[in-house]
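This report concerns only the one structure given below.
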Amino acid sequence: METTELLEILNGIFRKVLKRDDITLTEGTTAHDVNGWDSLTNMILISEIENKFGIRFSFREIVKLKNVGDLCHTIKNKIK
Amino acid sequence: MSFISLEFVLLLLLCFTLYHFVSDKGRKFVLLAASGVFIGYFNLVFLVMALFASFFTYGAAILVEQAHEKKRGSRMIYWSSISCLILCWIGFRYANQLTGESSFIFPLGMSFYTFQAIGYLTEVYWDEEKAERHPIDFLLYMLLFMKFLSGPIERSTDLLPQLRRLTPASYSMMTYGLKLIVVGLVKKLIIADHIGPYIDGVFNSMHAASGVQLFMACLLYPIELYADFSGYTDMAIGTGMLFGLKLSPNFAHPFAAQTTAEFWRRWHISLSSWVRDYLFLPLSSFTRRWGQWGMAASLLVTFIALGIWHGAGWTFAIYGFIQGLVIVWELRTEKIRNKVRKHIGKRLFSTLSVIRTYLIFAVSLVFFKAQSVSDAFYFLRNISFQTHASWKEINIGMSDHICIVAGSALLLILLYDFFMSKSDLLLRFEKQPAVFRWTVYYLIVLAVFVYGKFGTENFIYLQF
């Protein structure tokens with residue numbers, strides 16, 4: 001799956017969970033850049049992403065995610 | 001040795017002078033010696049305990065890292081080290097309850113350095129941080145005197161790099177630090193210490209107090225706690241700056257928070273971010289398959305733990321439980337709140353939300369402050385606008401002089417906080433003409449000496 005395609009899917013998940021239509025993610029986007037993406041919503045986002053792609057992140061993988069680019073990279077590795 | 005004591009001023013002056021005259025290597029020893037004197041001055045046992053915890057953590061982190069490299073046994077070493085630190089902390093914290101004696105003294109600063117040690121070990125275990133190999137640097141990270149008693153709970157990633165390369169403070173950093181110390185003194189001496197005894201009086205004799213006195217004590221206690229603890233933090237951060245060190249901020253205009261979740265991102269930040277990263281994150285990761293219920297359970301457990309960190313007893317657990325419960329409720333009612341916001345307008349909604357958040361915190365603090373759960377419930381049940389004799393009781397015994405002095409100082413501090421949240425007021429102030437700046441400096445220092453209440457050296461958070 002291409003990164004652009006992945007970002008589109010993630011945009012949809014983020015918009016649905018955070019209830020905001022103005023979210024456009026890039027690989028460099030971090031939690032600081034998105035209103036409402038905080039420690040309370042992070043795990044709901046992770047859970048939604050896991051359900052969407054049928055994958056499961058380990059806790060250590062979650063800790064290592066620093067931005068959306070890391071997230072895309074980890075998802076790609078898991079769905080290979 | 002309190003921050004507001006002659007002994008501390010002498011130690012600080014001596015340490016500051018030596019620090020800026022010795023070689024690069026010598027600076028570490030000056031700070032370490034000052035920290036040892038500072039801690040040992042209270043009680044030598046406190047120093048021994050802190051040294052023991054520091055060396056234990058230092059060794060455990062290296063073992064975790066080595067085991068991690070060999071891909072064998074790091075989990076066991078990590079969990080047994082964490083268990084030792086927590087058991088030791090619980091043992092001292094609950095020693096009086098467990099043994100039925102009251103002779104055990106909880107070592108000062110233990111809650112803070114234990115949490116710092118657990119955070120550091122966790123970062124090493126998660127492979128986010130390298131284990132520190134220089135014992136002097138690590139001892140300084142654990143024992144640094146300005147943050148030893150009541151934090152901020154420093155992250156190793158923030159403080160250790162600064163300690164490895166200690167440099168003299170620049171002139172601007174020193175003056176900024178001095179200004180912070182003065183702001184801290186104003187908060188502590190003109191607000192907290194003036195209103196504190198009267199609030200204590202109401203809590204200590206709540207059965208004799210009128211409804212309106214209970215109401216006022218409930219409303220004022222968050223202000224006292226804020227002035228006391230953020231005053232301490234300002235002094236700690238300011239003192240750090242005199243040595244070129246940037247300690248973590250602990251407060252960010254907390255009474256402007258519109259929700260309790262936001263409040264905890266602004267109040268005692270070093271503790272709330274600690275429990276977020278090392279407790280809530282693992283818990284919510286584990287419970288994420290249960291959706292909203294998992295999130296709610298993680299929040300409640302996290303905040304109850306945060307409450308219990310403050311001390312033994314159900315009062316602190318309930319204090320934490322209330323915070324967790326309100327945040328869960330806020331998450332569940334976000335849609336309704338958004339509708340209300342659209343209906344009544346953003347400005348009115350924001351104002352009401354700020355008041356609501358403050359009141360919830362004030363009510364929860366009754367549990368934090370009361371000696372027992374039954375006392376706390378009695379206090380809350382009897383809050384009213386009723387008086388015993390006259391409306392004068394609304395000042396809970398404070399003289400008009402104290403009301404005016406502490407009230408004016410509070411207004412100034414809230415304005416200061418507000419402008420600091422917009423841009424750095426202290427840096428902007430530096431650009432003003434020298435005559436104006438020095439007039440303000442003299443006026444504030446004069447106000448501290450004239451209106452400050454000296455003689456009380458204790459800070460509320462020392463007991464934790």
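Chain labels follow the order of the structure tokens: the first chain is A, the next B, and so on; residue numbering restarts at 1 in every chain, and ligands are counted from 1 in their shown order.
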Find the residues in chain B near chain A: any atom within 9 Å counts, using only C-alpha atoms. Write them as a ChimeraX atom specification.
-> /B:126,128,261,276-277,280-282,284-286,288-289,291-292,295,299,331
List the spatial neighbours of Ile75 (chain A) as a PDB file with C-alpha atoms, in the first residue's frame - criterion: any atom at most 9 Å away, only C-alpha atoms, same-chain residues fewer than 3 positions off excluded.
ATOM      1  CA  LEU A   6      -2.515   5.012   3.808  1.00  0.00           C
ATOM      2  CA  ILE A  49      -6.439   1.719  13.214  1.00  0.00           C
ATOM      3  CA  GLU A  50      -5.880  -1.846  14.458  1.00  0.00           C
ATOM      4  CA  PHE A  53      -6.184  -2.954   9.123  1.00  0.00           C
ATOM      5  CA  ILE A  55      -3.368  -5.713  12.900  1.00  0.00           C
ATOM      6  CA  PHE A  57       0.521  -3.097  17.784  1.00  0.00           C
ATOM      7  CA  ASP A  70       6.285   6.235  12.077  1.00  0.00           C
ATOM      8  CA  LEU A  71       2.672   5.072  12.240  1.00  0.00           C
ATOM      9  CA  CYS A  72       2.526   4.541   8.436  1.00  0.00           C
ATOM     10  CA  LYS A  78       2.516  -5.325   9.596  1.00  0.00           C
ATOM     11  CA  ILE A  79       0.285  -5.663   6.532  1.00  0.00           C
ATOM     12  CA  LYS A  80       3.110  -6.810   4.205  1.00  0.00           C
TER      13      LYS A  80
END
Separation of CA of Leu359 (chain B) from CA of Val17 (chain A) in Å | 29.6 Å
Which residue, B:Ser172, B:Gln213, B:Met49, B:Glu65, has the smallest gap to Met142 (chain B) when you use only C-alpha atoms?
-> B:Met49
Can you check which residues of region 267-449 of chain B DSSP gives as helix (DSSP H, G or I) on the backbone and send them as a count of residues only?
-> 153
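Excluding Asp33 (chain A) and any residue on its chain fewer than 6 positions from it, the residues at most 10 Å away by only C-alpha atoms are A:Ile23, A:Leu25, A:Asn67.
Interatomic distance, CA of Val448 (chain B) to CA of His401 (chain B): 14.8 Å.
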